[in-house]
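Take a look at the structure below.
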Amino acid sequence: HFRCRSAFKLLEIDDKFRLLQPGRSVVDCGAAPGAWSQVAVQRVNSAGTVDGFSCVVDPALPRGSVVGVDLLNIPPLDGARFLSSHDVTDPATQAKLLELLPGGRAHVILSDMAPNASGFREMDHERLVAMCLSLTDLAEGILLPGGSLVCKYWDGILARRLQEELSGVFGSVLTLKPNASRRESAERYLLARMYRTTSP
Ligand code: SAM
């Protein structure tokens, strides 16, 4: 019932690290077709139903919120709000996110974004790292102190620099390779936790 197999990577990460708890607010970058958002809606209880699909309501569970962004169209999903045809790296998108998030703040930023692969491994790596680095600007605008970021990257020479950049603003940064990610692919995820706001 997931829109895409990528859901299993996020489920695996979240089973281990429990980022998506009921009541939390989540921004899903590169959300189309919406599988990660489906996982997030279930786990933060943003649809207000126990499993995100059935009509079983547990009024004791706090309701979270999920906002997804993608350059492409993201088909509607109960419990999520989507900014289709939006570029995450565009400052105007950040302004819209501020309006859609409760209090203008998120507990978790997810990014499974990827540029269209050119086939030149080094170039694709550099482009994706640049996109990941732009997420630190987004974090500065919307991420709550203590918040988390999960972002996909393709391994390569700039991986260490990316990790160091994130370590400058997060208390803990881990590299993850979920079992659901094909072994031979260069795909990795960074899990950055305990966000420290840079503003005084
Ligand atoms: N996590 C999604 C899911 O589970 O359904 C799959 C995401 S797919 C691997 C990567 C997405 O990143 C694509 O839909 C692409 O359009 C989007 N993307 C790439 N660059 C982007 C950007 N600058 N802003 C927003 N979305 C972007």
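In the structure tokens, the first chain shown is A, the next is B, and so on; residue numbers restart at 1 for each chain, and ligands run from 1 in the order shown.
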Quick one: residues within 9 Å of ligand 1, with only C-alpha atoms and all ligand atoms, as a ChimeraX atom specification?
/A:2-10,28-39,69-74,84-90,110-116,128,131,152
Restricting the output to C-alpha atoms, write the selected residues as a compact mmCIF listing (two decimals), in the first residue's frame.
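part_33.txt, written as the output of this step:
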```txt
# COMPACT_ATOMS: atom_id res chain seq x y z
CA PHE A 2 3.02 2.32 -0.21
CA ARG A 3 3.41 4.45 -3.32
CA CYS A 4 7.05 3.51 -3.70
CA ARG A 5 9.52 0.98 -2.27
CA SER A 6 11.59 3.83 -0.81
CA ALA A 7 9.12 3.72 2.13
CA PHE A 8 11.01 0.73 3.52
CA LYS A 9 14.23 2.72 3.87
CA LEU A 10 12.53 5.33 6.04
CA ASP A 28 9.46 15.92 3.54
CA CYS A 29 11.79 17.31 0.82
CA GLY A 30 11.60 15.63 -2.58
CA ALA A 31 8.36 13.98 -1.50
CA ALA A 32 6.94 12.72 -4.84
CA PRO A 33 5.27 10.28 -5.31
CA GLY A 34 4.65 10.37 -1.54
CA ALA A 35 5.79 7.12 0.09
CA TRP A 36 7.94 8.78 2.77
CA SER A 37 5.05 11.12 3.52
CA GLN A 38 2.79 8.07 3.94
CA VAL A 39 5.20 6.69 6.54
CA VAL A 69 7.66 19.54 -1.22
CA ASP A 70 8.64 18.45 -4.71
CA LEU A 71 9.42 19.85 -8.15
CA LEU A 72 6.94 17.26 -9.44
CA ASN A 73 3.27 16.77 -8.68
CA ILE A 74 2.58 14.88 -5.42
CA SER A 84 3.96 20.46 -5.67
CA SER A 85 5.99 22.26 -8.35
CA HIS A 86 8.18 23.82 -5.67
CA ASP A 87 11.97 23.86 -5.43
CA VAL A 88 13.21 23.16 -1.89
CA THR A 89 16.30 25.31 -2.51
CA ASP A 90 14.16 28.36 -3.43
CA LEU A 110 13.43 14.51 5.75
CA SER A 111 15.12 14.62 2.37
CA ASP A 112 15.10 11.84 -0.17
CA MET A 113 15.77 14.45 -2.89
CA ALA A 114 17.89 13.53 -5.84
CA PRO A 115 18.75 15.40 -9.04
CA ASN A 116 18.15 13.64 -12.34
CA LEU A 128 23.34 16.11 -4.59
CA MET A 131 21.32 20.15 -2.41
CA LYS A 152 20.01 11.10 1.16
```
DSSP-assigned helix (DSSP H, G or I) members of chain A, reported as a count of residues only
67
A:Gln94 proximity check over A:Glu126, A:Glu165, A:Glu140, A:Asp78, using only C-alpha atoms: winner is A:Glu140
Using only C-alpha atoms, the shortest atom-to-atom distance to A:Ser25 among A:Gly119, A:Gly103, A:Pro91, A:Gly64 belongs to A:Gly64
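Here atom CA of A:Ser148 is placed at a distance of 7.4 Å from atom CA of A:Leu19.
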Can you tell me, as a PyMOL selection string, what residues are no more than 10 Å from A:Arg161 when counting only C-alpha atoms, ignoring any on the same chain fewer than 4 positions away?
chain A and resi 129+133+157+165-167
Run DSSP on the backbone and grab whatever in stretch 20-199 of chain A lands in strand (DSSP E); send it over as number ranges by chain.
A: 25-29, 65-69, 80-83, 106-111, 143-154, 170-176, 187-195
For atom CA of A:Met123 and atom CA of A:Leu158, the interatomic separation in Å (one decimal):
11.0 Å
Need to verify the contact set: stretch 189-192 of chain A, 8 Å, only C-alpha atoms, exclusion of same-chain residues closer than 2 positions in sequence. Can you return it as a PyMOL selection string?
chain A and resi 148-153+163+166-167+170-177+187+194-195
Mind dumping the selected residues with C-alpha atoms as a compact mmCIF listing (two decimals), in the first residue's frame?
```
# COMPACT_ATOMS: atom_id res chain seq x y z
CA SER A 148 16.61 16.07 13.36
CA LEU A 149 17.49 15.87 9.68
CA VAL A 150 17.62 12.76 7.51
CA CYS A 151 19.08 13.32 4.05
CA LYS A 152 20.01 11.10 1.16
CA TYR A 153 23.35 11.58 -0.60
CA GLN A 163 29.26 15.41 7.35
CA LEU A 166 26.28 19.12 9.52
CA SER A 167 28.41 18.40 12.59
CA PHE A 170 23.98 19.18 14.93
CA GLY A 171 25.15 17.43 18.09
CA SER A 172 25.32 14.03 16.39
CA VAL A 173 25.72 12.96 12.74
CA LEU A 174 25.63 9.35 11.56
CA THR A 175 25.99 7.77 8.12
CA LEU A 176 23.39 5.08 7.40
CA LYS A 177 23.04 2.46 4.68
CA GLU A 187 23.21 5.84 -1.93
CA MET A 194 20.21 17.46 18.26
CA TYR A 195 20.06 20.60 16.15
```
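Reported to one decimal place, the separation of atom CA of A:Arg43 from atom CA of A:Pro62 is 10.8 Å.
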Contact residues around A:Ala106 with only C-alpha atoms at 7 Å, ignoring same-chain residues under 6 positions, as a ChimeraX atom specification
/A:25-27,142-144
What does the file look like for those residues with N, CA and C atoms, as a tab-separated table (two decimals), in the first residue's frame?
```
chain	number	residue	atom	x	y	z
A	25	SER	N	6.09	17.50	13.95
A	25	SER	CA	5.86	18.08	12.63
A	25	SER	C	7.07	17.82	11.74
A	26	VAL	N	6.76	17.46	10.50
A	26	VAL	CA	7.76	16.93	9.58
A	26	VAL	C	7.69	17.65	8.24
A	27	VAL	N	8.85	17.99	7.70
A	27	VAL	CA	8.92	18.47	6.32
A	27	VAL	C	9.60	17.38	5.49
A	142	ILE	N	13.56	26.86	9.86
A	142	ILE	CA	12.37	26.18	10.39
A	142	ILE	C	12.61	25.10	11.44
A	143	LEU	N	13.85	24.60	11.58
A	143	LEU	CA	14.03	23.43	12.45
A	143	LEU	C	14.12	23.84	13.93
A	144	LEU	N	13.36	23.14	14.76
A	144	LEU	CA	13.37	23.41	16.20
A	144	LEU	C	14.71	22.99	16.82
```
Nearest residue to A:Glu122 out of A:Leu20, A:Ala186, A:Ala95, A:Leu100, using only C-alpha atoms?
A:Ala186
